[in-house]
Structures are given as C-alpha cells and as structure tokens.
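S.K.: The structure follows.
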Amino acid sequence: MNRYSRFLSIRTKVLGTTLFIGLASIVVTNWQAYLIAKSSMQITAFERMTAVREAKSEVIKSYIQQTKTLVLSLSKDQWVLDAMQDFHDTPESDHAPLQTSYHPLFQEYLDLYEFANILLVDVKSGKVVYAVDQAEMFDQGLLQPPWDQTQLSKVFKAAQRTVSNHFVQMTDFESYSLDDGLPTGFIAAPLFAKSEEKVGVLLVQLEIADINRVMTSEYKWEKEGLGESGETYLVGSDYSLRNDARGFIESPDEYLEALAQLGTDPALIQKIETLETTILHHEIHTPMIEAALNGNAQTEVNTNFQGITVLSSYKPLNLEDVNWVIVAEIHADEVFAPIDQVRNRIVILTTFLTFLIIMLSVSIAQSLLKPVLLLMAGTDQLKSGDLSTQVPVVSKDEIGLLARSFNEMAVNLREAHEKIASQAETLRQQNEKIRAELELAADFQMALLPKLPDLDFVKIESMYLPHFMVSGDIYDLALTPSGAVRCFLGDATGHGVSAALMTMMARIGIDSLPSKASTLAFTQQLNQILAKHFREHSLTSICLSITPNGQLSATHAGHPPLVILPANSEQPIHLQKGGFALGMSEEEIIPYVEDSYPLQPHDKIFIYTDGILEWENQQHEQFGSKRLFAFLMEHRHLELHAILEALSFHLWEFSQGKEGGDDITIIGLHYTGAPL
C-alpha cells in the first residue's frame with residue numbers, strides 16, 4: 001500500500017482513511033452488539049425455561065406425593081377398613097345392601113378429595129366388591145381378562161404381594177374402557193384388618209385433569225413466562241405425552257394437520273380428535289427425550305416434532321413409581337424476535353451513517369492539508385494510550401494554534417492520568433479492605449443464625465435474603481424449659497452496616513435473656529437492653545412461642561402482623577397487638593401486649609420482615625400485604641419449603657427482574673399436632 005500511496009492526493013487519503021475507520025467501527029461495533037445481545041437473550045430464555053421447568057416439577061412431584069399420602073391415609077381410615085371387612089365377610093350375592101349402605105360415605109370421599117373413582121378389591125380373588133362409579137365394568141375381576149395385563153392389574157398384584165401396611169404405589173397412565181378410552185392412572189394401597197390380616201386393596205383413580213391444569217398453567221401460559229409459543233409437558237418411558245400439548249388446546253385443527261403432514265397414522269389422528277386429548281397418543285421420540293429418560297438434565301437449542309427450532313430445558317422427574325421427564329420449551333423465533341428487529345434497525349442506521357461519513361469525509365479532505373494529517377497522527381497515538389505524544393507545530397495559523405493546544409492537552413492528560421491512577425490505587429486498596437471486613441461480618445452474621453430444630457410437633461422453614469453483604473434482619477429459635485419452641489424475628493431500621501450493628505447488639509441481648517421468659521417478658525427485657533445501649537436505631541420485632549399442645553403466644557413491637565393459615569378455614573388470621581419498635585425508649589410508650597391463639601393440627605404460621613411487602617416491580621408498585629396473604633392462602637396446602645420456593649419465584653416474577661431494596665426474611669411454622 002505504501003508503494004502506491006505517494007501517488008494519491010491528501011484529499012484522497014483523508015477520504016479513504018475516514019471512510020474506512022468510520023465504516024469499520026460502525027459495522028464491527030454493531031455486529032458485536034448484535035451477537036452479544038442475542039447470546040444474552042438466549043441465556044435469559046434458558047434461565048426462564050429452567051425456572052419454569054423447576055417450578056412445574058416441584059408442583060407435580062408435590063401433587064403426586066400428597067395424593068399418595070392421602071390414599072395411604074385413606075387406607076387406614078376405620079370406615080374404609082370396616083367397609084372392606086364387611087364385603088370380605090359377606091357372600092358376594094349379598095353385597096348389594098352393603099354397597100347401598102357405604103355408597104354415600106365413599107361418594108363423600110370422592111367429592112372431598114376430587115378423585116375420579118374409588119374401588120375396593122378383594123385381596124384373594126381380585127374382584128372389585130365396590131366402586132363408586134361404573135362397578136359393572138369390573139365384573140370379571142382384575143386377575144381376569146380384559147384387566148389382567150393392564151397397569152391397574154399390575155399395581156393390584158403389587159399391593160396383593162406386599163406385607164407392609166405403608167405400601168402405596170402409583171400406576172403410569174393407560175387407556176381403559178371404563179372412561180371411553182380416555183387415559184387415566186391409579187394409586188393402590190393394601191387394607192389390613194385389626195387382626196393384621198390383609199383383606200383387600202384400595203384403588204383410587206386419579207383425575208388426569210389436575211395434572212393437565214398444572215402443566216398447561218390453566219391455559220395462562222403467558223403469565224408463566226412462556227410467551228405465545230412456550231409450553232411445558234410430561235413424557236413417559238413410552239415417549240408419549242402425559243398432558244395435552246398447547247398447540248392442540250389452542251388450535252386443534254392446525255395441530256392435527258401438522259401430525260398428518262409428518263406421516264402420523266390417520267387412525268391415531270382420528271383417535272386424538274375423538275377423545276380430544278394428546279395424552280398417550282402423541283409420541284415425541286427425539287434425542288432430547290431419549291437423553292432425559294436416561295437421566296440427563298440439560299438446556300439446548302433443538303427442533304420439535306414439527307421441525308420448528310425451539311429453546312428447551314429438560315430433566316427427568318425422578319418419581320418413585322413411573323419414569324417421566326419434564327420439558328419446558330419456547331420457539332426460538334419468539335425469543336429472538338426483539339433482537340431481529342434491532343438487527344434491522346442497525347442495518348438502516350449503518351446505511352444512514354455511511355452516507356453521512358462520506359459527506360463529512362469529502363468536506364474534511366477538501367479543507368485540510370498536511371498539518372491536519374500530523375495532528376491526526378498525534379491524535380491516533382494519544383487515543384492508543386501514549387500520553388507522551390507531542391505533534392510538531394509547523395505554522396502559526398489556526399492549525400498551528402490547534403497543534404499547540406493539542407500538545408498542552410496531552411501534557412494535562414498525562415498529569416491527570418498519573419494523578420487519577422494514584423488515587424484509583426488508593427481507593428482500590430481501601431475498597432478491598434472494606435470489602436474484606438464486610439465479608440467477614442457477613443460470614444459472622446450467617447454463623448449466628450440458628451439451626452432449624454427437628455421437632456415432633458412443629459416443622460420450621462426459613463428464607464433469609466440479605467439485600468447488602470450484611471443484613472439488618474435477625475431471627476432466633478430456641479426451646480424453652482417447658483418444651484415450647486420460641487421464635488424471634490427482628491428488622492433493624494436503615495440498611496447496611498449500621499443496621500447490621502443493631503442486629504449484633506440484639507443478638508447479644510437475646511443471648512443474655514433467660515430461656516424460660518415469656519414472649520412478653522422477652523420483648524420487654526430486650527427493649528430495655530437496646531434502649532439503654534443503642535438508641536441511634538430501633539428494631540421492629542415479633543416474638544412467638546408454640547407449645548406442644550398448640551398454644552400460640554405472640555408479642556409484637558412495631559412489626560408486620562403474624563399470619564395464621566388455618567387448616568380448616570379459607571380465611572387467614574392476623575395477630576398484631578403490641579407497642580412501638582424496640583430501642584426507642586426504656587419506657588413503654590405503648591405497653592407491649594402478649595396475644596394468644598389455640599392452634600389446630602396442620603395450621604401454618606408465617607412471620608416476615610417488611611422487605612417482602614416493599615418489594616417493587618418496574619412500575620414502582622409494591623408487592624404489599626394483600627398479595628402476600630393471597631399467595632399464602634392459595635399455596636397453603638403445600639409443604640413449607642415448597643411455599644417458600646414458590647414465593648421466591650413469585651417475587652422474582654412480580655418484580656420483572658428488578659432487585660428489591662431491603663433485606664427479606666420469612667419464617668414458616670407448621671404445627672403438626674401434639675406428639676403422641
């Protein structure tokens with residue numbers, strides 16, 4: 001290039017150089033920005049699919065486990081055992097009066113637990129002695145055709161063979177004639193008489209609609225973060241679906257047409273259309289499903305059965321009785337639609353800038369001579385980081401003045417850079433020291449958190465999320481000499497280090513108080529300690545205790561209300577009697593009050609700091625107590641850890657990715673009943 005450059009005019013050189021630098025910068029920068037944005041969007045989509053997959057997985061596993069537990073409990077119900085004993089001891093010809101007598105009870109169980117059917121089967125003959133619905137379908141017994149080769153017969157035989165009264169097992173889905181060929185599943189548990197003799201087997205038919213509702217989000221896919229094309233589905237070991245596909249639910253005709261184009265058996269398509277379900281009838285035999293059935297969990301880009309590129313997150317469901325996998329996926333076109341729009345805008349912008357650069361380059365090339373080129377060379381050196389750059393001053397005109405100004409600027413930049421570098425190093429060292437001290441303080445705080453006790457009458461779970469490296473929240477758990485469990489939760493005013501110091505002072509005060517103190521005495525004495533030694537901040541708190549017989553006592557100090565989710569009621573109960581926050585004054589401005597409430601078995605109690613209530617979304621709308629209470633009531637039948645995990649996901653979904661501005665602590669207690 002140097003060989004021919006001497007034949008080019010300065011105007012041509014300036015024009016060519018300016019065009020090359022401008023266009024290369026625009027193209028490379030925009031292309032890199034596009035690739036980075038696309039990669040980031042793909043990672044975000046995978047994380048969202050994985051989060052949805054995990055949430056659905058936990059709900060499905062919890063539903064199945066709870067249903068199995070319910071069936072096992074029902075198998076030990078005295079009414080059920082008495083009914084089975086009566087059918088066992090009575091000749092088959094005299095069963096009609098017994099069926100009439102026990103039908104209202106089993107119908108009530110069916111309606112209460114939302115089962116599809118309940119069957120009592122004689123353990124020796126395999127004959128169904130009673131069924132709430134369609135008893136005539138089982139006249140031949142489960143050990144005879146047409147039932148002897150079914151999943152239903154297999155699970156009956158397993159219950160028939162077992163010697164354990166804790167046995168409970170679920171079947172995989174299968175089509176049966178009793179529901180016009182619709183797929184269904186069963187759960188079996190043996191029935192033992194008082195003499196420990198096995199007299200029968202309890203079979204409960206599942207409502208497949210329950211699993212379908214969970215996996216299809218009750219047809220609210222977009223609210224689950226699945227957009228217009230995403231879905232979650234279950235696949236069994238036979239590679240067929242265990243819930244209805246979204247495409248079939250939203251557009252059955254288009255879905256069936258797609259199956260036909262793939263060469264699917266017309267009889268099978270007709271069966272899907274007649275039964276109005278894809279469960280057990282649509283097979284998805286892909287490498288992804290093969291990998292999941294082999295125990296692998298992964299996220300990847302692949303194609304679905306229609307040949308559409310999708311972003312998938314899959315894993316085995318790890319159920320005890322069946323080999324199912326769960327998949328969450330969304331069309332790649334939907335995920336990358338926003339970035340494709342950005343790409344189109346980049347092309348338009350690049351075209352415009354190219355035209356602008358050409359015009360400017362021509363103008364500059366016509367007006368500048370050699371001193372400008374020297375100045376440009378000096379500018380390039382300075383831009384590359386050489387702060388010692390100086391350019392020759394070859395004239396006294398405006399270009400010469402500009403050159404002298406450039407040289408002065410380079411000197412000033414070099415001096416400023418040296419000063420900034422020195423200050424930056426000093427700040428870095430100070431920041432490293434502060435960070436190390438804060439990390440040590442955070443570790444110390446975490447070490448002071450109590451271990452969750454394993455008690456016979458109460459289960460305890462907690463979620464502790466500091467906003468900063470150190471937290472202004474504190475909680476404590478202790479057993480009193482009387483056998484009660486005492487739980488304390490405090491929230492210091494302010495944030496960061498000052499709030500953390502307040503919690504340290506509270507910890508010292510808590511450790512100095514007698515373990516036998518009531519919640520009222522505990523609160524009063526801790527207030528005296530904090531008001532005397534640490535008046536710069538205050539601490540809202542709640543102290544509660546639960547005795548083995550279910551007596552709940554609580555004392556509030558300016559804290560959000562305690563929430564009780566009764567096991568036998570649809571309405572939550574709030575307790576919030578009390579005085580001002582701790583540490584404001586040694587005198588009780590408003591006297592602290594100890595409230596009480598008699599708990600019933602399986603009541604759940606939640607206490608929390610206001611960080612949850614003040615969590616904001618992108619529209620600066622707070623999460624608030626109404627949403628919290630509604631969420632807890634809606635999920636009250638789940639285990640505590642599942643409730644807290646679901647709440648964490650729900651807060652993230654509500655905030656639309658915006659971080660909260662305060663520490664979050666929530667403690668759940670599940671009173672399981674007085675120990676035997």
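Following the order of the structure tokens, first chain is A, next is B, and so on, with residues numbered from 1 inside each chain and ligands from 1 in the order they appear.
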From a backbone DSSP assignment, name each residue in segment 23-242 of chain A labelled alpha helix (DSSP H), as a ChimeraX atom specification.

M.R.: /A:23-75,78-89,95-113,151-161,208-215

S.K.: Applying 10 Å and only C-alpha atoms, which residues near Ile666 of chain A remain after dropping the ones on its own chain fewer than 3 positions away? List them as a list in words.

M.R.: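 Non-adjacent residues within range: Glu461, Ser462, Met463, Tyr464, Leu465, Tyr475, Leu489, Phe606, Ile607, Tyr608, Thr609, Asp610, Gly611, Ile612 and Leu644 of chain A.
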
S.K.: What is the distance between atom CA of Lys157 of chain A and atom CA of Val123 of chain A, in Å to one decimal?

M.R.: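 So the answer is 8.8 Å.
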
S.K.: Find the distance between atom CA of Leu640 of chain A and atom CA of Lys604 of chain A and write it in Å to one decimal.

M.R.: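 Calculated distance between atom CA of Leu640 of chain A and atom CA of Lys604 of chain A is 8.4 Å.
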
S.K.: Counting only C-alpha atoms, which of A:Leu268, A:Leu81, A:Ile357, A:Ala291 gets nearest to Phe20 of chain A?

M.R.: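 That would be A:Ile357, the residue with the smallest distance to Phe20 of chain A.
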
S.K.: As a VMD selection string, which residues of segment 150-387 of chain A does DSSP assign to strand (DSSP E)?

M.R.: chain A and resid 169 to 170 174 to 175 183 to 184 186 to 192 198 to 205 231 to 235 298 to 303 309 to 316 325 to 331
